[in-house]
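*Asks:* One file: coords_19.tsv (TSV, C-alpha atoms).
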chain	number	residue	atom	x	y	z
A	1	MET	CA	95.87	112.40	126.11
A	2	ASN	CA	95.96	115.45	123.88
A	3	PHE	CA	94.03	115.45	120.62
A	4	CYS	CA	96.16	113.95	117.83
A	5	ASP	CA	98.96	113.07	120.26
A	6	LEU	CA	101.84	111.29	118.51
A	7	THR	CA	104.14	110.84	121.47
A	8	GLY	CA	106.29	107.74	121.08
A	9	LYS	CA	105.84	107.57	117.30
A	10	THR	CA	108.56	108.04	114.68
A	11	ALA	CA	107.61	109.77	111.44
A	12	LEU	CA	109.53	109.84	108.16
A	13	ILE	CA	108.78	112.87	105.99
A	14	THR	CA	110.28	113.00	102.50
A	15	GLY	CA	110.69	116.31	100.74
A	16	ALA	CA	110.81	117.92	104.17
A	17	THR	CA	112.69	121.07	103.18
A	18	GLY	CA	109.93	122.43	100.92
A	19	GLY	CA	107.17	124.75	102.11
A	20	ILE	CA	104.55	122.06	102.74
A	21	GLY	CA	107.16	119.59	103.97
A	22	GLU	CA	108.50	121.94	106.63
A	23	ALA	CA	104.98	122.72	107.85
A	24	ILE	CA	104.29	118.98	108.12
A	25	CYS	CA	107.45	118.60	110.20
A	26	ASP	CA	106.38	121.39	112.55
A	27	GLY	CA	102.93	119.84	112.96
A	28	LEU	CA	104.14	116.34	113.70
A	29	ILE	CA	106.92	117.38	116.06
A	30	ASN	CA	104.49	119.61	117.97
A	31	ALA	CA	102.28	116.53	118.35
A	32	GLY	CA	105.16	114.72	120.05
A	33	ALA	CA	106.52	112.61	117.19
A	34	LYS	CA	110.21	111.98	116.62
A	35	LEU	CA	111.16	112.91	113.05
A	36	VAL	CA	113.31	111.48	110.32
A	37	ILE	CA	113.45	113.94	107.42
A	38	THR	CA	114.84	113.91	103.90
A	39	GLY	CA	115.71	116.47	101.29
A	40	THR	CA	118.07	116.69	98.33
A	41	ASN	CA	120.24	119.54	99.64
A	42	GLN	CA	122.49	118.68	102.60
A	43	GLN	CA	122.72	122.27	103.84
A	44	LYS	CA	118.94	122.73	103.86
A	45	VAL	CA	118.47	119.39	105.61
A	46	ASP	CA	121.03	120.34	108.27
A	47	GLU	CA	119.39	123.74	108.81
A	48	LEU	CA	115.96	122.17	109.23
A	49	VAL	CA	117.29	119.53	111.63
A	50	LYS	CA	118.81	122.29	113.75
A	51	LYS	CA	115.56	124.26	113.70
A	52	LEU	CA	113.36	121.29	114.61
A	53	ALA	CA	115.76	119.83	117.21
A	54	ASN	CA	114.08	117.23	119.50
A	55	ASP	CA	116.40	114.44	118.25
A	56	THR	CA	115.37	114.97	114.62
A	57	ILE	CA	117.46	112.97	112.17
A	58	GLY	CA	118.06	114.25	108.64
A	59	PHE	CA	119.30	112.64	105.45
A	60	ALA	CA	120.19	114.18	102.10
A	61	VAL	CA	118.84	111.50	99.78
A	62	ASN	CA	118.31	111.14	96.05
A	63	LEU	CA	114.99	109.28	96.10
A	64	LEU	CA	115.34	108.60	92.38
A	65	ASP	CA	117.99	106.05	93.37
A	66	GLU	CA	116.53	102.74	94.58
A	67	THR	CA	119.69	101.89	96.52
A	68	GLU	CA	119.56	105.18	98.42
A	69	ARG	CA	115.92	104.53	99.30
A	70	LYS	CA	116.83	101.18	100.87
A	71	THR	CA	119.81	102.66	102.71
A	72	LEU	CA	117.60	105.41	104.11
A	73	ILE	CA	115.25	102.97	105.81
A	74	LEU	CA	118.11	100.81	107.10
A	75	GLU	CA	119.63	103.87	108.76
A	76	ALA	CA	116.31	105.36	109.91
A	77	GLY	CA	115.10	102.25	111.72
A	78	THR	CA	111.47	101.48	112.52
A	79	ILE	CA	109.04	104.02	111.08
A	80	ASP	CA	105.49	104.35	112.44
A	81	ILE	CA	104.30	107.17	110.18
A	82	LEU	CA	105.42	107.55	106.57
A	83	VAL	CA	104.61	110.77	104.74
A	84	ASN	CA	105.47	110.43	101.05
A	85	ASN	CA	105.68	114.15	100.34
A	86	ALA	CA	108.62	114.39	97.90
A	87	GLY	CA	107.62	114.93	94.29
A	88	ILE	CA	108.35	116.68	91.01
A	89	ALA	CA	106.11	117.99	88.25
A	90	GLY	CA	108.17	117.66	85.05
A	91	ASP	CA	105.75	119.92	83.17
A	92	ASN	CA	105.70	119.83	79.39
A	93	LEU	CA	103.09	119.64	76.65
A	94	PHE	CA	102.60	115.99	75.74
A	95	PRO	CA	103.86	116.19	72.10
A	96	ARG	CA	107.15	117.47	73.55
A	97	GLN	CA	107.22	115.11	76.52
A	98	LYS	CA	110.49	113.21	76.63
A	99	ARG	CA	110.46	109.65	77.88
A	100	GLU	CA	113.29	110.28	80.32
A	101	HIS	CA	111.33	113.12	81.93
A	102	TRP	CA	108.20	110.95	82.11
A	103	ASP	CA	110.20	108.15	83.74
A	104	MET	CA	111.78	110.52	86.26
A	105	VAL	CA	108.37	111.81	87.38
A	106	MET	CA	107.06	108.27	87.76
A	107	GLU	CA	110.18	107.14	89.60
A	108	LEU	CA	110.00	109.83	92.26
A	109	ASN	CA	106.25	110.39	92.61
A	110	LEU	CA	105.15	106.76	92.41
A	111	ASN	CA	107.98	104.22	92.56
A	112	ALA	CA	109.81	105.87	95.47
A	113	ALA	CA	106.58	106.02	97.47
A	114	MET	CA	105.96	102.35	96.70
A	115	ASP	CA	109.47	101.34	97.77
A	116	LEU	CA	109.42	103.34	101.00
A	117	SER	CA	105.97	102.00	101.88
A	118	GLN	CA	107.15	98.44	101.38
A	119	LEU	CA	110.38	99.00	103.30
A	120	CYS	CA	108.53	100.55	106.26
A	121	MET	CA	105.79	97.91	106.21
A	122	ARG	CA	107.63	95.21	108.13
A	123	GLY	CA	107.98	97.32	111.26
A	124	MET	CA	104.40	98.57	111.03
A	125	MET	CA	103.03	95.05	110.66
A	126	LYS	CA	105.12	93.79	113.58
A	127	ASN	CA	103.84	96.61	115.80
A	128	ARG	CA	100.30	96.27	114.45
A	129	TRP	CA	100.12	100.04	113.96
A	130	GLY	CA	101.10	102.29	111.11
A	131	ARG	CA	100.17	105.29	109.02
A	132	ILE	CA	101.07	105.87	105.38
A	133	ILE	CA	100.11	109.26	104.00
A	134	ASN	CA	100.70	109.91	100.32
A	135	MET	CA	100.78	113.47	99.02
A	136	SER	CA	98.73	113.61	95.83
A	137	SER	CA	97.30	116.65	94.06
A	138	VAL	CA	94.01	118.04	92.83
A	139	ILE	CA	95.54	117.61	89.36
A	140	ALA	CA	95.10	113.84	89.72
A	141	ALA	CA	91.35	114.45	89.65
A	142	THR	CA	91.07	117.41	87.28
A	143	GLY	CA	94.00	116.97	84.91
A	144	ASN	CA	95.94	119.97	83.67
A	145	THR	CA	97.54	121.11	80.43
A	146	GLY	CA	101.22	120.24	80.35
A	147	GLN	CA	101.02	117.87	83.31
A	148	THR	CA	100.21	114.47	81.83
A	149	ALA	CA	103.11	112.79	83.65
A	150	TYR	CA	102.40	114.53	86.96
A	151	ALA	CA	98.67	113.78	86.82
A	152	ALA	CA	99.27	110.15	85.90
A	153	SER	CA	101.81	109.65	88.70
A	154	LYS	CA	99.55	111.18	91.35
A	155	ALA	CA	96.47	109.27	90.17
A	156	GLY	CA	98.57	106.11	90.29
A	157	LEU	CA	99.68	106.98	93.82
A	158	GLU	CA	96.06	107.29	94.93
A	159	ALA	CA	95.08	103.95	93.35
A	160	PHE	CA	98.14	102.29	94.90
A	161	GLY	CA	97.08	103.54	98.33
A	162	LYS	CA	93.50	102.34	97.97
A	163	SER	CA	94.64	98.82	97.17
A	164	LEU	CA	97.35	98.76	99.85
A	165	ALA	CA	94.81	99.89	102.45
A	166	LYS	CA	92.79	96.74	101.81
A	167	GLU	CA	95.85	94.55	102.29
A	168	VAL	CA	97.13	95.99	105.57
A	169	GLY	CA	93.99	97.18	107.35
A	170	ARG	CA	93.78	94.09	109.55
A	171	ARG	CA	97.17	95.03	111.00
A	172	ASN	CA	95.82	98.43	112.08
A	173	ILE	CA	97.72	100.22	109.32
A	174	THR	CA	95.92	102.98	107.44
A	175	VAL	CA	96.84	104.30	104.00
A	176	ASN	CA	95.44	107.59	102.75
A	177	ALA	CA	96.20	110.35	100.27
A	178	ILE	CA	95.94	114.11	100.59
A	179	ALA	CA	95.25	116.11	97.43
A	180	PRO	CA	96.10	119.80	97.91
A	181	GLY	CA	95.01	122.48	95.50
A	182	PHE	CA	96.93	125.75	95.29
A	183	ILE	CA	98.98	126.27	98.44
A	184	ALA	CA	100.90	129.46	99.24
A	185	THR	CA	104.56	128.45	98.94
A	186	LYS	CA	107.66	129.99	97.39
A	187	MET	CA	106.74	128.22	94.17
A	188	THR	CA	103.29	129.82	93.90
A	189	GLU	CA	104.69	133.19	94.96
A	190	GLU	CA	106.80	133.18	91.80
A	191	LEU	CA	103.72	132.99	89.57
A	192	PRO	CA	102.72	136.21	87.73
A	193	GLN	CA	100.19	138.23	89.73
A	194	ASP	CA	97.53	138.03	87.01
A	195	THR	CA	97.91	134.24	86.98
A	196	ILE	CA	97.48	134.12	90.77
A	197	GLU	CA	94.32	136.24	90.58
A	198	ASN	CA	92.94	134.08	87.77
A	199	TYR	CA	93.42	130.93	89.86
A	200	LYS	CA	91.85	132.54	92.92
A	201	GLN	CA	88.70	133.27	90.92
A	202	LYS	CA	88.28	129.50	90.47
A	203	ILE	CA	88.52	128.83	94.22
A	204	ALA	CA	85.36	129.12	96.32
A	205	LEU	CA	87.29	130.59	99.28
A	206	ALA	CA	89.06	133.02	96.90
A	207	ARG	CA	92.52	132.39	98.34
A	208	PHE	CA	95.38	129.93	98.25
A	209	GLY	CA	95.69	127.51	101.13
A	210	GLU	CA	98.39	127.76	103.77
A	211	PRO	CA	101.00	125.01	104.26
A	212	GLN	CA	99.90	124.73	107.89
A	213	GLU	CA	96.40	123.80	106.76
A	214	VAL	CA	97.81	120.83	104.88
A	215	ALA	CA	100.03	119.98	107.85
A	216	ASP	CA	97.03	119.94	110.19
A	217	LEU	CA	95.38	117.34	107.97
A	218	VAL	CA	98.54	115.22	107.93
A	219	ARG	CA	98.71	115.37	111.73
A	220	PHE	CA	95.09	114.24	111.99
A	221	LEU	CA	95.51	111.33	109.57
A	222	ALA	CA	98.63	110.25	111.45
A	223	SER	CA	96.80	110.09	114.76
A	224	ASN	CA	94.66	107.52	116.55
A	225	GLU	CA	91.67	109.84	116.07
A	226	ALA	CA	91.79	109.03	112.34
A	227	GLY	CA	92.08	105.30	112.93
A	228	TYR	CA	88.87	104.50	111.00
A	229	ILE	CA	89.86	106.45	107.90
A	230	THR	CA	91.73	104.46	105.25
A	231	GLY	CA	91.88	103.91	101.51
A	232	THR	CA	90.65	107.39	100.70
A	233	THR	CA	91.81	110.69	99.20
A	234	ILE	CA	91.01	113.87	101.10
A	235	HIS	CA	90.92	117.03	99.00
A	236	ILE	CA	92.06	120.31	100.52
A	237	ASN	CA	91.62	123.00	97.86
A	238	GLY	CA	89.28	125.68	99.18
A	239	GLY	CA	86.43	124.55	96.95
A	240	MET	CA	88.40	124.64	93.70
A	241	TYR	CA	87.27	121.07	93.06
Render the structure in this file as structure tokens.

*Replies:*
Amino acid sequence: MNFCDLTGKTALITGATGGIGEAICDGLINAGAKLVITGTNQQKVDELVKKLANDTIGFAVNLLDETERKTLILEAGTIDILVNNAGIAGDNLFPRQKREHWDMVMELNLNAAMDLSQLCMRGMMKNRWGRIINMSSVIAATGNTGQTAYAASKAGLEAFGKSLAKEVGRRNITVNAIAPGFIATKMTEELPQDTIENYKQKIALARFGEPQEVADLVRFLASNEAGYITGTTIHINGGMY
């Protein structure tokens, strides 16, 4: 068996059409997994499905909608590996933070992950094997100006995973979080150059991470080789934190 072989497993990746999401898809499909992917834009989902091939199934889903979350799992079938990657920041200074924006961040970053985990749990428990990987952020640990909602949602996601890991461990289901720092995506490319250089000075490796480096960690945590790792958060930030 190849290292981190996922042949015969089905993985659901939310937020698959973003930079990190697409890299995760590439990593898991190269490991032999069958993929179910989601995004908010039908055209982007269709393009990614075509690129990935290998019986990949794609859904354009509004994960803010609880009904759509339930429909997704009904149509996707049994999921062995759940990667809760979809998320939004909703940045704003706290005195200007609107409740509806706060609620939206919590709904997508925390509540959607909770719902999908619960909906996928029955199949995992029946098969006595499962992997839930929640995408957190270094901001959950460090905090950041203008990101009170984002930091709170990601910290909540980590705490949720730690508790869930204790509940489902006896069924051979692991629950972990990954907390990336600054990763080179289209979003970070749009930052002013002086801002990018300022951030790099705070990183021990003096560079942003690559999406593939995050994807490699997801692939490992999804595999049998990581079967004794659960209830933890793994930071991948080049020594920023």

*Asks:* Can you work out the spacing between atom CA of A:Phe3 and atom CA of A:Tyr228 in Å, to one decimal?

*Replies:* 15.5 Å

*Asks:* Of the candidates A:Ala204, A:Leu63, A:Ile20, A:Ile132, which shows the shortest atom-to-atom distance to A:Leu221, using all atoms listed in the file?

*Replies:*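 Of the candidates, the smallest distance to A:Leu221 is held by A:Ile132.
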
*Asks:* Which centre and which edge lengths, in Å to one decimal, describe the axis-aligned box that holds all listed atoms of stretch 205-222 of chain A after 3 Å is added on each side, as lines of an AutoDock Vina configuration file?

*Replies:*
center_x = 94.1
center_y = 121.6
center_z = 104.4
size_x = 19.7
size_y = 28.8
size_z = 21.1

*Asks:* Using all atoms listed in the file, which residue out of A:Ser117, A:Glu190, A:Arg96, A:Ala89 lies closest to A:Asn144?

*Replies:*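 Ranking A:Ser117, A:Glu190, A:Arg96, A:Ala89 by distance to A:Asn144, first place goes to A:Ala89.
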
*Asks:* Applying 12 Å and all atoms listed in the file, which residues near A:Val168 remain after dropping the ones on its own chain fewer than 6 positions away? List them as a PyMOL selection string.

*Replies:* chain A and resi 117-118+121-122+124-126+128-132+161-162+174-175+230-231

*Asks:* As a list in words, please: the residues near A:Leu110 (cut-off 9 Å, all atoms listed in the file, same-chain neighbours under 2 positions excluded).

*Replies:*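 Answer for this query is Gly87, Val105, Met106, Glu107, Leu108, Ala112, Ala113, Met114, Asp115, Ser153, Lys154, Gly156, Leu157 and Phe160 of chain A.
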
*Asks:* Determine the nearest neighbour of A:Leu72 from the options A:Thr188, A:Asn111, A:Thr38, A:Gln212, counting only C-alpha atoms.

*Replies:*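 Smallest separation from A:Leu72 among the options: A:Thr38.
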
*Asks:* To one decimal in Å, tell me the separation between atom CA of A:Gly181 and atom CA of A:Thr40.

*Replies:* 23.9 Å

*Asks:* From the options A:Pro192, A:Pro180, A:Gly143, A:Gly15, which residue's atoms come nearest to A:Ile234, counting only C-alpha atoms?

*Replies:*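 Closest to A:Ile234 of all the choices is A:Pro180.
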
*Asks:* Which is closer to A:Val138 than all the others in A:Asn92, A:Ile73, A:Leu48, A:Ile236, using all atoms listed in the file?

*Replies:*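 The closest residue to A:Val138 is A:Ile236.
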
*Asks:* Nearest residue to A:Lys166 out of A:Leu217, A:Ile229, A:Met135, A:Ile37, using all atoms listed in the file?

*Replies:*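 Of the candidates, the smallest distance to A:Lys166 is held by A:Ile229.
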
*Asks:* Taking 4 positions as the minimum chain separation for residues in the same chain, which residues sit within 8 Å of stretch 29-31 of chain A when counting all atoms listed in the file? Answer as a ChimeraX atom specification.

*Replies:* /A:4-7,25,35,52,54,219

*Asks:* Write a file of the just-selected residues containing C-alpha atoms, as an mmCIF file, in the coordinates of the input.

*Replies:*
data_model
loop_
_atom_site.group_PDB
_atom_site.id
_atom_site.type_symbol
_atom_site.label_atom_id
_atom_site.label_comp_id
_atom_site.auth_asym_id
_atom_site.auth_seq_id
_atom_site.Cartn_x
_atom_site.Cartn_y
_atom_site.Cartn_z
ATOM 1 C CA CYS A 4 96.160 113.950 117.830
ATOM 2 C CA ASP A 5 98.960 113.070 120.260
ATOM 3 C CA LEU A 6 101.840 111.290 118.510
ATOM 4 C CA THR A 7 104.140 110.840 121.470
ATOM 5 C CA CYS A 25 107.450 118.600 110.200
ATOM 6 C CA LEU A 35 111.160 112.910 113.050
ATOM 7 C CA LEU A 52 113.360 121.290 114.610
ATOM 8 C CA ASN A 54 114.080 117.230 119.500
ATOM 9 C CA ARG A 219 98.710 115.370 111.730
#

*Asks:* Quote the spacing between atom CA of A:Gly21 and atom CA of A:Gly146 in Å to one decimal place.

*Replies:*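 These two atoms are separated by 24.4 Å.
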
*Asks:* Please provide as a PyMOL selection string all residues within 8 Å of A:Val36, with the sequence filter that same-chain residues fewer than 2 positions apart are discarded (counting all atoms listed in the file).

*Replies:* chain A and resi 10-13+34+38+56-59+76

*Asks:* With only C-alpha atoms as the counted atoms, please give the residues lying no more than 8 Å from A:Ile183, apart from itself and same-chain residues fewer than 5 positions off, as a ChimeraX atom specification.

*Replies:* /A:188,208-211
